[in-house]
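**Q** Just one file: entry-v3.tsv, with TSV, N, CA, C and O atoms.
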```tsv
chain	number	residue	atom	x	y	z
A	1017	MET	N	-43.10	9.14	-17.40
A	1017	MET	CA	-42.31	9.58	-18.51
A	1017	MET	C	-41.48	10.81	-18.18
A	1017	MET	O	-40.33	10.91	-18.55
A	1018	ALA	N	-42.11	11.74	-17.48
A	1018	ALA	CA	-41.43	13.00	-17.15
A	1018	ALA	C	-40.22	12.73	-16.27
A	1018	ALA	O	-39.17	13.36	-16.44
A	1019	THR	N	-40.34	11.78	-15.36
A	1019	THR	CA	-39.23	11.47	-14.47
A	1019	THR	C	-38.05	10.91	-15.26
A	1019	THR	O	-36.90	11.26	-14.99
A	1020	MET	N	-38.34	10.06	-16.22
A	1020	MET	CA	-37.28	9.49	-17.05
A	1020	MET	C	-36.61	10.59	-17.87
A	1020	MET	O	-35.38	10.63	-17.97
A	1021	ARG	N	-37.41	11.50	-18.43
A	1021	ARG	CA	-36.87	12.61	-19.20
A	1021	ARG	C	-36.01	13.51	-18.31
A	1021	ARG	O	-34.94	13.95	-18.71
A	1022	ASP	N	-36.48	13.76	-17.11
A	1022	ASP	CA	-35.72	14.60	-16.17
A	1022	ASP	C	-34.39	13.93	-15.80
A	1022	ASP	O	-33.37	14.60	-15.69
A	1023	GLY	N	-34.44	12.63	-15.63
A	1023	GLY	CA	-33.22	11.87	-15.31
A	1023	GLY	C	-32.21	11.93	-16.45
A	1023	GLY	O	-31.01	12.12	-16.24
A	1024	LEU	N	-32.69	11.76	-17.68
A	1024	LEU	CA	-31.81	11.84	-18.85
A	1024	LEU	C	-31.23	13.24	-19.00
A	1024	LEU	O	-30.05	13.41	-19.32
A	1025	LYS	N	-32.06	14.24	-18.76
A	1025	LYS	CA	-31.60	15.63	-18.86
A	1025	LYS	C	-30.52	15.89	-17.81
A	1025	LYS	O	-29.50	16.50	-18.10
A	1026	ALA	N	-30.74	15.41	-16.60
A	1026	ALA	CA	-29.76	15.60	-15.52
A	1026	ALA	C	-28.45	14.89	-15.85
A	1026	ALA	O	-27.36	15.44	-15.61
A	1027	ASN	N	-28.56	13.68	-16.43
A	1027	ASN	CA	-27.34	12.94	-16.81
A	1027	ASN	C	-26.58	13.69	-17.90
A	1027	ASN	O	-25.35	13.77	-17.87
A	1028	ARG	N	-27.30	14.23	-18.87
A	1028	ARG	CA	-26.68	14.96	-19.97
A	1028	ARG	C	-25.98	16.21	-19.43
A	1028	ARG	O	-24.85	16.52	-19.79
A	1029	GLU	N	-26.66	16.92	-18.55
A	1029	GLU	CA	-26.07	18.13	-17.96
A	1029	GLU	C	-24.83	17.79	-17.13
A	1029	GLU	O	-23.83	18.51	-17.18
A	1030	ALA	N	-24.89	16.71	-16.40
A	1030	ALA	CA	-23.73	16.29	-15.60
A	1030	ALA	C	-22.56	15.92	-16.50
A	1030	ALA	O	-21.41	16.26	-16.22
A	1031	ALA	N	-22.85	15.25	-17.60
A	1031	ALA	CA	-21.80	14.87	-18.55
A	1031	ALA	C	-21.18	16.12	-19.19
A	1031	ALA	O	-19.96	16.20	-19.35
A	1032	GLU	N	-22.01	17.10	-19.54
A	1032	GLU	CA	-21.51	18.34	-20.13
A	1032	GLU	C	-20.64	19.11	-19.13
A	1032	GLU	O	-19.61	19.66	-19.50
A	1033	GLU	N	-21.07	19.13	-17.87
A	1033	GLU	CA	-20.28	19.81	-16.84
A	1033	GLU	C	-18.94	19.11	-16.63
A	1033	GLU	O	-17.91	19.77	-16.48
A	1034	ALA	N	-18.96	17.79	-16.62
A	1034	ALA	CA	-17.72	17.03	-16.45
A	1034	ALA	C	-16.77	17.28	-17.62
A	1034	ALA	O	-15.56	17.45	-17.43
A	1035	LYS	N	-17.32	17.32	-18.83
A	1035	LYS	CA	-16.50	17.57	-20.01
A	1035	LYS	C	-15.92	18.99	-19.96
A	1035	LYS	O	-14.74	19.19	-20.25
A	1036	ALA	N	-16.72	19.96	-19.58
A	1036	ALA	CA	-16.25	21.34	-19.47
A	1036	ALA	C	-15.15	21.44	-18.41
A	1036	ALA	O	-14.15	22.15	-18.61
A	1037	LYS	N	-15.32	20.73	-17.31
A	1037	LYS	CA	-14.30	20.75	-16.25
A	1037	LYS	C	-13.00	20.12	-16.76
A	1037	LYS	O	-11.92	20.63	-16.49
A	1038	GLN	N	-13.12	19.03	-17.50
A	1038	GLN	CA	-11.94	18.37	-18.07
A	1038	GLN	C	-11.20	19.30	-19.02
A	1038	GLN	O	-9.97	19.40	-18.98
A	1039	ILE	N	-11.95	19.97	-19.87
A	1039	ILE	CA	-11.34	20.91	-20.83
A	1039	ILE	C	-10.65	22.05	-20.08
A	1039	ILE	O	-9.53	22.43	-20.41
A	1040	ASP	N	-11.32	22.59	-19.08
A	1040	ASP	CA	-10.76	23.68	-18.28
A	1040	ASP	C	-9.46	23.25	-17.60
A	1040	ASP	O	-8.47	23.99	-17.62
A	1041	GLU	N	-9.45	22.05	-17.04
A	1041	GLU	CA	-8.24	21.54	-16.39
A	1041	GLU	C	-7.11	21.35	-17.40
A	1041	GLU	O	-5.95	21.67	-17.12
A	1042	ALA	N	-7.44	20.85	-18.57
A	1042	ALA	CA	-6.42	20.64	-19.61
A	1042	ALA	C	-5.84	21.97	-20.06
A	1042	ALA	O	-4.62	22.11	-20.22
A	1043	LEU	N	-6.69	22.97	-20.25
A	1043	LEU	CA	-6.21	24.29	-20.66
A	1043	LEU	C	-5.36	24.93	-19.55
A	1043	LEU	O	-4.33	25.55	-19.84
A	1044	THR	N	-5.76	24.76	-18.32
A	1044	THR	CA	-4.99	25.29	-17.20
A	1044	THR	C	-3.63	24.62	-17.12
A	1044	THR	O	-2.61	25.30	-16.95
A	1045	ASP	N	-3.61	23.31	-17.26
A	1045	ASP	CA	-2.33	22.58	-17.24
A	1045	ASP	C	-1.41	23.03	-18.36
A	1045	ASP	O	-0.22	23.22	-18.17
A	1046	ALA	N	-1.99	23.21	-19.55
A	1046	ALA	CA	-1.19	23.65	-20.70
A	1046	ALA	C	-0.63	25.05	-20.47
A	1046	ALA	O	0.54	25.32	-20.78
A	1047	ALA	N	-1.44	25.94	-19.92
A	1047	ALA	CA	-0.98	27.30	-19.65
A	1047	ALA	C	0.12	27.31	-18.61
A	1047	ALA	O	1.12	28.03	-18.73
A	1048	GLU	N	-0.04	26.51	-17.56
A	1048	GLU	CA	0.99	26.43	-16.52
A	1048	GLU	C	2.28	25.87	-17.08
A	1048	GLU	O	3.37	26.34	-16.75
A	1049	SER	N	2.17	24.87	-17.92
A	1049	SER	CA	3.35	24.27	-18.53
A	1049	SER	C	4.07	25.27	-19.42
A	1049	SER	O	5.30	25.39	-19.38
A	1050	LYS	N	3.30	26.02	-20.20
A	1050	LYS	CA	3.89	27.02	-21.08
A	1050	LYS	C	4.57	28.12	-20.27
A	1050	LYS	O	5.65	28.57	-20.63
A	1051	ALA	N	3.95	28.52	-19.17
A	1051	ALA	CA	4.54	29.55	-18.31
A	1051	ALA	C	5.84	29.04	-17.69
A	1051	ALA	O	6.82	29.77	-17.61
A	1052	THR	N	5.85	27.78	-17.28
A	1052	THR	CA	7.06	27.20	-16.70
A	1052	THR	C	8.17	27.14	-17.75
A	1052	THR	O	9.31	27.48	-17.46
A	1053	ASP	N	7.82	26.74	-18.97
A	1053	ASP	CA	8.81	26.69	-20.04
A	1053	ASP	C	9.37	28.09	-20.33
A	1053	ASP	O	10.57	28.25	-20.54
A	1054	ALA	N	8.50	29.08	-20.32
A	1054	ALA	CA	8.94	30.46	-20.57
A	1054	ALA	C	9.87	30.94	-19.46
A	1054	ALA	O	10.89	31.59	-19.73
A	1055	ASP	N	9.54	30.60	-18.21
A	1055	ASP	CA	10.41	30.97	-17.09
A	1055	ASP	C	11.78	30.31	-17.23
A	1055	ASP	O	12.81	30.95	-17.02
A	1056	GLU	N	11.78	29.03	-17.56
A	1056	GLU	CA	13.04	28.30	-17.70
A	1056	GLU	C	13.89	28.91	-18.83
A	1056	GLU	O	15.10	29.07	-18.69
A	1057	GLU	N	13.25	29.27	-19.93
A	1057	GLU	CA	13.96	29.87	-21.05
A	1057	GLU	C	14.53	31.23	-20.65
A	1057	GLU	O	15.66	31.56	-20.99
A	1058	TYR	N	13.76	32.02	-19.91
A	1058	TYR	CA	14.21	33.33	-19.46
A	1058	TYR	C	15.44	33.19	-18.57
A	1058	TYR	O	16.44	33.88	-18.76
A	1059	TYR	N	15.36	32.30	-17.58
A	1059	TYR	CA	16.49	32.15	-16.67
A	1059	TYR	C	17.72	31.57	-17.36
A	1059	TYR	O	18.84	31.92	-17.03
A	1060	LYS	N	17.50	30.71	-18.33
A	1060	LYS	CA	18.61	30.17	-19.11
A	1060	LYS	C	19.29	31.30	-19.87
A	1060	LYS	O	20.52	31.40	-19.88
A	1061	HIS	N	18.49	32.17	-20.49
A	1061	HIS	CA	19.03	33.31	-21.23
A	1061	HIS	C	19.80	34.24	-20.29
A	1061	HIS	O	20.90	34.69	-20.61
A	1062	GLU	N	19.22	34.52	-19.13
A	1062	GLU	CA	19.88	35.40	-18.16
A	1062	GLU	C	21.20	34.80	-17.69
A	1062	GLU	O	22.20	35.50	-17.57
A	1063	GLU	N	21.20	33.51	-17.43
A	1063	GLU	CA	22.41	32.83	-16.98
A	1063	GLU	C	23.49	32.91	-18.06
A	1063	GLU	O	24.65	33.20	-17.77
A	1064	GLU	N	23.10	32.68	-19.31
A	1064	GLU	CA	24.06	32.78	-20.41
A	1064	GLU	C	24.59	34.20	-20.54
A	1064	GLU	O	25.78	34.41	-20.74
A	1065	HIS	N	23.70	35.16	-20.41
A	1065	HIS	CA	24.09	36.57	-20.54
A	1065	HIS	C	25.11	36.94	-19.46
A	1065	HIS	O	26.16	37.51	-19.76
A	1066	TYR	N	24.80	36.62	-18.22
A	1066	TYR	CA	25.71	36.98	-17.14
A	1066	TYR	C	27.00	36.16	-17.18
A	1066	TYR	O	28.05	36.64	-16.79
A	1067	SER	N	26.90	34.94	-17.68
A	1067	SER	CA	28.10	34.12	-17.83
A	1067	SER	C	29.03	34.75	-18.85
A	1067	SER	O	30.24	34.86	-18.63
A	1068	LYS	N	28.47	35.20	-19.98
A	1068	LYS	CA	29.28	35.86	-21.01
A	1068	LYS	C	29.84	37.17	-20.48
A	1068	LYS	O	30.99	37.51	-20.75
A	1069	ALA	N	29.02	37.92	-19.75
A	1069	ALA	CA	29.48	39.19	-19.20
A	1069	ALA	C	30.63	38.95	-18.22
A	1069	ALA	O	31.62	39.69	-18.22
A	1070	GLY	N	30.55	37.91	-17.43
A	1070	GLY	CA	31.63	37.56	-16.50
A	1070	GLY	C	32.89	37.18	-17.24
A	1070	GLY	O	34.00	37.57	-16.86
A	1071	TRP	N	32.73	36.46	-18.34
A	1071	TRP	CA	33.89	36.06	-19.14
A	1071	TRP	C	34.56	37.29	-19.74
A	1071	TRP	O	35.78	37.41	-19.74
A	1072	VAL	N	33.76	38.23	-20.22
A	1072	VAL	CA	34.31	39.46	-20.81
A	1072	VAL	C	35.06	40.25	-19.73
A	1072	VAL	O	36.16	40.74	-19.97
A	1073	ASN	N	34.48	40.34	-18.56
A	1073	ASN	CA	35.14	41.07	-17.47
A	1073	ASN	C	36.45	40.40	-17.07
A	1073	ASN	O	37.44	41.09	-16.79
A	1074	GLU	N	36.47	39.08	-17.05
A	1074	GLU	CA	37.71	38.36	-16.73
A	1074	GLU	C	38.77	38.63	-17.79
A	1074	GLU	O	39.94	38.84	-17.48
A	1075	LYS	N	38.36	38.61	-19.06
A	1075	LYS	CA	39.31	38.88	-20.16
A	1075	LYS	C	39.86	40.29	-20.04
A	1075	LYS	O	41.07	40.51	-20.21
A	1076	LYS	N	39.01	41.26	-19.76
A	1076	LYS	CA	39.47	42.64	-19.61
A	1076	LYS	C	40.44	42.76	-18.44
A	1076	LYS	O	41.44	43.46	-18.52
A	1077	ALA	N	40.17	42.05	-17.36
A	1077	ALA	CA	41.05	42.09	-16.20
A	1077	ALA	C	42.39	41.47	-16.55
A	1077	ALA	O	43.45	41.99	-16.15
A	1078	GLU	N	42.38	40.35	-17.28
A	1078	GLU	CA	43.63	39.71	-17.68
A	1078	GLU	C	44.44	40.62	-18.59
A	1078	GLU	O	45.65	40.73	-18.44
A	1079	GLU	N	43.78	41.27	-19.52
A	1079	GLU	CA	44.48	42.17	-20.44
A	1079	GLU	C	45.03	43.38	-19.70
A	1079	GLU	O	46.10	43.89	-20.05
A	1080	GLY	N	44.33	43.82	-18.67
A	1080	GLY	CA	44.81	44.93	-17.88
A	1080	GLY	C	46.03	44.57	-17.06
A	1080	GLY	O	46.88	45.40	-16.77
A	1081	GLU	N	46.15	43.28	-16.69
A	1081	GLU	CA	47.30	42.82	-15.90
A	1081	GLU	C	48.55	42.71	-16.74
A	1081	GLU	O	49.66	42.82	-16.23
A	1082	ARG	N	48.40	42.53	-18.03
A	1082	ARG	CA	49.55	42.33	-18.91
A	1082	ARG	C	50.32	43.57	-19.11
A	1082	ARG	O	50.25	44.64	-19.02
```
Rewrite the coordinates I just gave you, this time as structure tokens.

**A**
Amino acid sequence: MATMRDGLKANREAAEEAKAKQIDEALTDAAESKATDADEEYYKHEEEHYSKAGWVNEKKAEEGER
């Protein structure tokens, strides 16, 4: 009987460990995805900012030429 109980306990512990590992991997994937999205948003904002700044500088240069 004890051997059967030990086997069931080991199976339960293994299942709990596998579930915890799955949850950890899912949380890690979600965090990495969110970080990637944040990086992409930051670089998009920076690109727009510098693009607008370049446009303003071109306009000022054109007005200075007139």

**Q** What's the separation between CA of Ala1047 (chain A) and CA of Glu1063 (chain A), in Å to one decimal place?

**A** 24.2 Å

**Q** Mind giving me the straight-line distance from atom O of Asp1053 (chain A) to atom N of Ile1039 (chain A) in Å, one decimal?

**A**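 Interatomic distance, atom O of Asp1053 (chain A) to atom N of Ile1039 (chain A): 24.0 Å.
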
**Q** How many Å separate atom O of Glu1032 (chain A) from CA of Glu1048 (chain A)?

**A**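 CA of Glu1048 (chain A) lies 21.9 Å from atom O of Glu1032 (chain A).
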
**Q** Complete the atoms of region 1058-1069 of chain A to all heavy atoms and put them out as a tab-separated table (two decimals), keeping the file's coordinate frame.

**A**
```tsv
chain	number	residue	atom	x	y	z
A	1058	TYR	N	13.76	32.02	-19.91
A	1058	TYR	CA	14.21	33.33	-19.46
A	1058	TYR	C	15.44	33.19	-18.57
A	1058	TYR	O	16.44	33.88	-18.76
A	1058	TYR	CB	13.09	34.05	-18.71
A	1058	TYR	CG	13.55	35.31	-18.03
A	1058	TYR	CD1	13.71	36.49	-18.76
A	1058	TYR	CD2	13.84	35.34	-16.67
A	1058	TYR	CE1	14.14	37.65	-18.16
A	1058	TYR	CE2	14.27	36.50	-16.05
A	1058	TYR	CZ	14.42	37.65	-16.80
A	1058	TYR	OH	14.86	38.80	-16.20
A	1059	TYR	N	15.36	32.30	-17.58
A	1059	TYR	CA	16.49	32.15	-16.67
A	1059	TYR	C	17.72	31.57	-17.36
A	1059	TYR	O	18.84	31.92	-17.03
A	1059	TYR	CB	16.09	31.31	-15.44
A	1059	TYR	CG	15.18	32.10	-14.53
A	1059	TYR	CD1	13.87	31.72	-14.31
A	1059	TYR	CD2	15.62	33.26	-13.91
A	1059	TYR	CE1	13.03	32.45	-13.48
A	1059	TYR	CE2	14.80	34.01	-13.09
A	1059	TYR	CZ	13.51	33.60	-12.88
A	1059	TYR	OH	12.68	34.33	-12.08
A	1060	LYS	N	17.50	30.71	-18.33
A	1060	LYS	CA	18.61	30.17	-19.11
A	1060	LYS	C	19.29	31.30	-19.87
A	1060	LYS	O	20.52	31.40	-19.88
A	1060	LYS	CB	18.10	29.11	-20.08
A	1060	LYS	CG	19.18	28.49	-20.94
A	1060	LYS	CD	18.58	27.48	-21.90
A	1060	LYS	CE	19.63	26.96	-22.85
A	1060	LYS	NZ	19.07	26.08	-23.86
A	1061	HIS	N	18.49	32.17	-20.49
A	1061	HIS	CA	19.03	33.31	-21.23
A	1061	HIS	C	19.80	34.24	-20.29
A	1061	HIS	O	20.90	34.69	-20.61
A	1061	HIS	CB	17.90	34.07	-21.91
A	1061	HIS	CG	18.34	35.35	-22.54
A	1061	HIS	ND1	19.06	35.38	-23.71
A	1061	HIS	CD2	18.20	36.64	-22.16
A	1061	HIS	CE1	19.33	36.64	-24.02
A	1061	HIS	NE2	18.81	37.42	-23.09
A	1062	GLU	N	19.22	34.52	-19.13
A	1062	GLU	CA	19.88	35.40	-18.16
A	1062	GLU	C	21.20	34.80	-17.69
A	1062	GLU	O	22.20	35.50	-17.57
A	1062	GLU	CB	18.97	35.66	-16.95
A	1062	GLU	CG	17.81	36.58	-17.26
A	1062	GLU	CD	18.27	37.98	-17.63
A	1062	GLU	OE1	18.97	38.61	-16.83
A	1062	GLU	OE2	17.93	38.43	-18.75
A	1063	GLU	N	21.20	33.51	-17.43
A	1063	GLU	CA	22.41	32.83	-16.98
A	1063	GLU	C	23.49	32.91	-18.06
A	1063	GLU	O	24.65	33.20	-17.77
A	1063	GLU	CB	22.09	31.37	-16.66
A	1063	GLU	CG	23.27	30.60	-16.09
A	1063	GLU	CD	22.90	29.17	-15.74
A	1063	GLU	OE1	21.79	28.95	-15.23
A	1063	GLU	OE2	23.75	28.30	-15.99
A	1064	GLU	N	23.10	32.68	-19.31
A	1064	GLU	CA	24.06	32.78	-20.41
A	1064	GLU	C	24.59	34.20	-20.54
A	1064	GLU	O	25.78	34.41	-20.74
A	1064	GLU	CB	23.41	32.33	-21.72
A	1064	GLU	CG	23.14	30.85	-21.80
A	1064	GLU	CD	22.34	30.45	-23.04
A	1064	GLU	OE1	21.93	31.35	-23.81
A	1064	GLU	OE2	22.11	29.26	-23.21
A	1065	HIS	N	23.70	35.16	-20.41
A	1065	HIS	CA	24.09	36.57	-20.54
A	1065	HIS	C	25.11	36.94	-19.46
A	1065	HIS	O	26.16	37.51	-19.76
A	1065	HIS	CB	22.86	37.47	-20.43
A	1065	HIS	CG	23.19	38.92	-20.36
A	1065	HIS	ND1	23.61	39.63	-21.46
A	1065	HIS	CD2	23.18	39.78	-19.31
A	1065	HIS	CE1	23.84	40.88	-21.09
A	1065	HIS	NE2	23.58	41.00	-19.80
A	1066	TYR	N	24.80	36.62	-18.22
A	1066	TYR	CA	25.71	36.98	-17.14
A	1066	TYR	C	27.00	36.16	-17.18
A	1066	TYR	O	28.05	36.64	-16.79
A	1066	TYR	CB	25.01	36.86	-15.78
A	1066	TYR	CG	24.03	37.99	-15.58
A	1066	TYR	CD1	22.66	37.76	-15.58
A	1066	TYR	CD2	24.48	39.29	-15.45
A	1066	TYR	CE1	21.76	38.80	-15.43
A	1066	TYR	CE2	23.59	40.34	-15.30
A	1066	TYR	CZ	22.24	40.09	-15.28
A	1066	TYR	OH	21.37	41.13	-15.13
A	1067	SER	N	26.90	34.94	-17.68
A	1067	SER	CA	28.10	34.12	-17.83
A	1067	SER	C	29.03	34.75	-18.85
A	1067	SER	O	30.24	34.86	-18.63
A	1067	SER	CB	27.71	32.71	-18.27
A	1067	SER	OG	28.85	31.93	-18.50
A	1068	LYS	N	28.47	35.20	-19.98
A	1068	LYS	CA	29.28	35.86	-21.01
A	1068	LYS	C	29.84	37.17	-20.48
A	1068	LYS	O	30.99	37.51	-20.75
A	1068	LYS	CB	28.44	36.10	-22.26
A	1068	LYS	CG	28.14	34.85	-23.02
A	1068	LYS	CD	27.24	35.13	-24.22
A	1068	LYS	CE	26.87	33.83	-24.91
A	1068	LYS	NZ	25.89	34.05	-25.99
A	1069	ALA	N	29.02	37.92	-19.75
A	1069	ALA	CA	29.48	39.19	-19.20
A	1069	ALA	C	30.63	38.95	-18.22
A	1069	ALA	O	31.62	39.69	-18.22
A	1069	ALA	CB	28.34	39.91	-18.49
```
